[in-house]
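Enquirer: Structure: final-v8.pdb, PDB, C-alpha atoms.
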```
ATOM      1  CA  MET A  12      64.148  -9.184  47.098
ATOM      2  CA  VAL A  13      61.908  -6.119  47.066
ATOM      3  CA  THR A  14      62.656  -3.127  49.241
ATOM      4  CA  LEU A  15      59.743  -1.812  51.217
ATOM      5  CA  LEU A  16      59.757   1.956  51.531
ATOM      6  CA  SER A  17      58.306   3.620  54.548
ATOM      7  CA  PHE A  18      57.085   7.164  54.967
ATOM      8  CA  SER A  19      57.877   8.752  58.282
ATOM      9  CA  PRO A  20      55.392  11.558  58.927
ATOM     10  CA  ARG A  21      57.353  12.688  61.965
ATOM     11  CA  ARG A  22      60.488  13.109  59.851
ATOM     12  CA  ASN A  23      58.478  13.971  56.736
ATOM     13  CA  SER A  24      60.692  11.739  54.625
ATOM     14  CA  LEU A  25      60.936   8.455  52.788
ATOM     15  CA  GLU A  26      63.217   5.971  54.446
ATOM     16  CA  LEU A  27      65.149   3.023  53.108
ATOM     17  CA  PRO A  28      65.292   0.102  55.502
ATOM     18  CA  THR A  29      68.589  -0.523  57.216
ATOM     19  CA  ASN A  30      70.619  -2.522  54.743
ATOM     20  CA  THR A  31      72.154  -5.632  56.261
ATOM     21  CA  GLU A  32      72.786  -7.342  52.916
ATOM     22  CA  ALA A  33      76.533  -6.917  53.292
ATOM     23  CA  GLN A  34      76.420  -9.733  55.832
ATOM     24  CA  THR A  35      74.232 -12.262  54.020
ATOM     25  CA  PRO A  36      75.833 -15.368  52.521
ATOM     26  CA  ASP A  37      73.751 -15.376  49.316
ATOM     27  CA  MET A  38      74.511 -11.843  48.129
ATOM     28  CA  LYS A  39      76.109 -11.144  44.781
ATOM     29  CA  LEU A  40      79.798 -10.298  44.985
ATOM     30  CA  PHE A  41      81.273  -8.216  42.171
ATOM     31  CA  THR A  42      84.749  -7.935  40.770
ATOM     32  CA  ILE A  43      85.743  -4.398  39.831
ATOM     33  CA  GLN A  44      85.420  -5.382  36.170
ATOM     34  CA  GLU A  45      81.901  -6.796  36.652
ATOM     35  CA  ALA A  46      80.765  -3.687  38.512
ATOM     36  CA  ASN A  47      82.254  -1.397  35.859
ATOM     37  CA  ALA A  48      80.489  -3.396  33.136
ATOM     38  CA  LEU A  49      77.158  -2.815  34.921
ATOM     39  CA  LEU A  50      77.652   0.925  35.428
ATOM     40  CA  PRO A  51      75.822   2.011  32.230
ATOM     41  CA  SER A  52      72.721   0.048  33.317
ATOM     42  CA  VAL A  53      73.081   1.162  36.933
ATOM     43  CA  ARG A  54      73.390   4.805  35.845
ATOM     44  CA  THR A  55      70.138   4.503  33.860
ATOM     45  CA  ILE A  56      68.262   2.817  36.713
ATOM     46  CA  VAL A  57      69.580   5.252  39.321
ATOM     47  CA  GLY A  58      68.469   8.148  37.105
ATOM     48  CA  LYS A  59      64.978   6.656  37.019
ATOM     49  CA  ILE A  60      65.066   6.169  40.801
ATOM     50  CA  GLN A  61      65.988   9.812  41.293
ATOM     51  CA  LYS A  62      63.172  10.917  38.988
ATOM     52  CA  ALA A  63      60.651   8.641  40.737
ATOM     53  CA  HIS A  64      61.852   9.849  44.140
ATOM     54  CA  GLY A  65      61.232  13.408  42.986
ATOM     55  CA  HIS A  66      57.664  12.474  42.037
ATOM     56  CA  VAL A  67      57.060  10.899  45.454
ATOM     57  CA  ALA A  68      58.540  13.947  47.183
ATOM     58  CA  ARG A  69      55.866  16.152  45.590
ATOM     59  CA  TYR A  70      53.279  14.403  47.769
ATOM     60  CA  ARG A  71      55.300  14.617  50.984
ATOM     61  CA  ASP A  72      53.320  17.392  52.708
ATOM     62  CA  GLU A  73      49.920  15.980  51.769
ATOM     63  CA  ALA A  74      50.929  12.461  52.809
ATOM     64  CA  SER A  75      52.284  13.751  56.108
ATOM     65  CA  LYS A  76      49.012  15.536  56.872
ATOM     66  CA  ALA A  77      47.049  12.428  55.918
ATOM     67  CA  ALA A  78      49.197  10.279  58.214
ATOM     68  CA  GLU A  79      48.631  12.678  61.114
ATOM     69  CA  SER A  80      44.877  12.660  60.454
ATOM     70  CA  ALA A  81      44.860   8.871  60.198
ATOM     71  CA  GLU A  82      46.186   8.673  63.755
ATOM     72  CA  LYS A  83      43.017  10.530  64.799
ATOM     73  CA  GLY A  84      40.680   8.288  62.811
ATOM     74  CA  GLY A  85      40.556  10.230  59.530
ATOM     75  CA  GLY A  86      42.941  11.001  56.730
ATOM     76  CA  GLY A  87      43.421  10.485  53.068
ATOM     77  CA  VAL A  88      45.253  11.947  50.132
ATOM     78  CA  SER A  89      43.181  13.640  47.451
ATOM     79  CA  THR A  90      45.691  12.510  44.856
ATOM     80  CA  GLY A  91      46.006   9.077  46.437
ATOM     81  CA  LEU A  92      46.112   7.111  43.186
ATOM     82  CA  ASP A  93      48.848   9.326  41.780
ATOM     83  CA  TYR A  94      50.797   9.032  45.028
ATOM     84  CA  ALA A  95      50.417   5.239  45.029
ATOM     85  CA  LYS A  96      51.616   5.089  41.404
ATOM     86  CA  ALA A  97      54.644   7.233  42.249
ATOM     87  CA  LEU A  98      55.509   4.941  45.171
ATOM     88  CA  THR A  99      55.059   1.857  42.992
ATOM     89  CA  ASP A 100      57.274   3.302  40.244
ATOM     90  CA  LEU A 101      59.977   4.064  42.806
ATOM     91  CA  ALA A 102      59.766   0.593  44.341
ATOM     92  CA  ASP A 103      59.911  -1.020  40.868
ATOM     93  CA  GLN A 104      63.116   0.828  39.971
ATOM     94  CA  ILE A 105      64.717  -0.035  43.316
ATOM     95  CA  ALA A 106      63.777  -3.684  42.751
ATOM     96  CA  ARG A 107      65.472  -3.575  39.314
ATOM     97  CA  LEU A 108      68.654  -2.344  40.962
ATOM     98  CA  GLU A 109      68.482  -4.940  43.726
ATOM     99  CA  THR A 110      67.918  -7.714  41.177
ATOM    100  CA  LEU A 111      71.360  -6.846  39.830
ATOM    101  CA  GLY A 112      72.805  -7.199  43.337
ATOM    102  CA  VAL A 113      73.506  -3.475  43.685
ATOM    103  CA  GLN A 114      72.641  -1.719  46.953
ATOM    104  CA  LEU A 115      71.000   1.724  46.903
ATOM    105  CA  LYS A 116      72.320   3.930  49.701
ATOM    106  CA  ASP A 117      70.968   7.420  48.937
ATOM    107  CA  PHE A 118      68.105   8.437  46.651
ATOM    108  CA  GLU A 119      69.064  12.045  46.068
ATOM    109  CA  ARG A 120      72.790  11.540  45.561
ATOM    110  CA  GLY A 121      72.264   8.390  43.522
ATOM    111  CA  LEU A 122      74.712   6.584  45.777
ATOM    112  CA  VAL A 123      75.101   2.831  45.279
ATOM    113  CA  ASP A 124      77.385   0.080  46.527
ATOM    114  CA  PHE A 125      78.558  -3.127  44.873
ATOM    115  CA  PRO A 126      79.518  -5.816  47.407
ATOM    116  CA  SER A 127      82.957  -7.212  46.629
ATOM    117  CA  LEU A 128      85.778  -9.243  48.150
ATOM    118  CA  ARG A 129      89.028  -7.506  49.016
ATOM    119  CA  ASP A 130      91.796  -9.295  50.889
ATOM    120  CA  GLY A 131      89.348 -12.062  51.839
ATOM    121  CA  ARG A 132      86.679  -9.809  53.360
ATOM    122  CA  VAL A 133      83.493  -8.244  52.088
ATOM    123  CA  VAL A 134      83.841  -4.566  51.198
ATOM    124  CA  LEU A 135      81.686  -2.218  49.161
ATOM    125  CA  LEU A 136      82.683  -0.713  45.837
ATOM    126  CA  CYS A 137      81.124   2.736  45.876
ATOM    127  CA  TRP A 138      79.744   4.944  43.076
ATOM    128  CA  GLN A 139      77.369   7.894  42.845
ATOM    129  CA  MET A 140      75.699   9.823  40.062
ATOM    130  CA  GLY A 141      78.032  12.361  38.556
ATOM    131  CA  GLU A 142      81.096  10.202  38.965
ATOM    132  CA  GLY A 143      82.910   8.687  35.989
ATOM    133  CA  ASP A 144      82.331   5.620  33.873
ATOM    134  CA  GLU A 145      84.434   3.414  36.129
ATOM    135  CA  LEU A 146      84.457   2.781  39.848
ATOM    136  CA  GLU A 147      87.077   4.753  41.719
ATOM    137  CA  TRP A 148      86.196   4.132  45.385
ATOM    138  CA  TRP A 149      85.651   1.386  47.962
ATOM    139  CA  HIS A 150      84.984   1.291  51.707
ATOM    140  CA  ASP A 151      84.568  -1.186  54.518
ATOM    141  CA  VAL A 152      81.011  -2.303  55.186
ATOM    142  CA  ASP A 153      80.827  -0.344  58.443
ATOM    143  CA  ALA A 154      82.734   2.720  57.239
ATOM    144  CA  GLY A 155      80.109   4.183  54.915
ATOM    145  CA  PHE A 156      80.634   7.040  52.475
ATOM    146  CA  ALA A 157      82.974   8.912  54.835
ATOM    147  CA  GLY A 158      85.363   5.947  54.740
ATOM    148  CA  ARG A 159      85.738   5.896  50.959
ATOM    149  CA  THR A 160      89.222   5.003  49.788
ATOM    150  CA  PRO A 161      90.541   5.210  46.208
ATOM    151  CA  LEU A 162      90.766   1.841  44.437
TER     152      LEU A 162
END
```
What's the structure tokens form of this structure?
Expert:
Amino acid sequence: MVTLLSFSPRRNSLELPTNTEAQTPDMKLFTIQEANALLPSVRTIVGKIQKAHGHVARYRDEASKAAESAEKGGGGVSTGLDYAKALTDLADQIARLETLGVQLKDFERGLVDFPSLRDGRVVLLCWQMGEGDELEWWHDVDAGFAGRTPL
């Protein structure tokens, strides 16, 4: 599955689509050990996502102006090819993460979730850049980051 990114000129931000993967029957479910084993790769990919997101963010103002002009029949980005490459690089890194079955929740914080089973229900094992080499947190699917509980 490839995530499609959208640029919201009104919010002047990149947006991830609402993630409903936690409810799909064909998603990857991780044990804590499997998720911990993937953390070195996930850390590398998330670092690349953060770098690519930073590149895309450099074009935010110009892209927003172009989107506003496009609504009036004009528009364009003078560095359009560079902007398109930055978007493609970001999408490629997100796709690498999703191929592993890991869900990206926040670009800037490098926040990711690993779907898992706990007491017979799907929960999310939670990790973000800057945290240790092993998972320490989980939360219910609907609870989000604020509902994190120590493992």
Enquirer: Take the PyMOL selection byres ((chain A and resi 118-135) around 9), run it mentally on this structure, and tell me the resulting residues as an MDAnalysis selection string.
Expert: chainID A and resid 27 32:34 38:43 46 53:54 57:58 60:61 64:65 112:117 136:141 148:153 155:156
Enquirer: If I take atom CA of A:Asp103 and atom CA of A:Ser52, how far is one from the other in Å, to one decimal?
Expert: 14.9 Å
Enquirer: Can you measure atom CA of A:Leu108 to atom CA of A:Lys62 for me? One decimal in Å is fine.
Expert: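 According to the coordinates, atom CA of A:Leu108 and atom CA of A:Lys62 are separated by 14.5 Å.
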Enquirer: Which residue out of A:Ala102, A:Leu146, A:Ala97, A:Ala63 has the minimum interatomic distance to A:Asn47 when all atoms listed in the file are used?
Expert: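 Of all the options, A:Leu146 lies closest to A:Asn47.
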Enquirer: Between atom CA of A:Tyr94 and atom CA of A:Ile56, what distance in Å does the model show, to one decimal?
Expert: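 So the answer is 20.3 Å.
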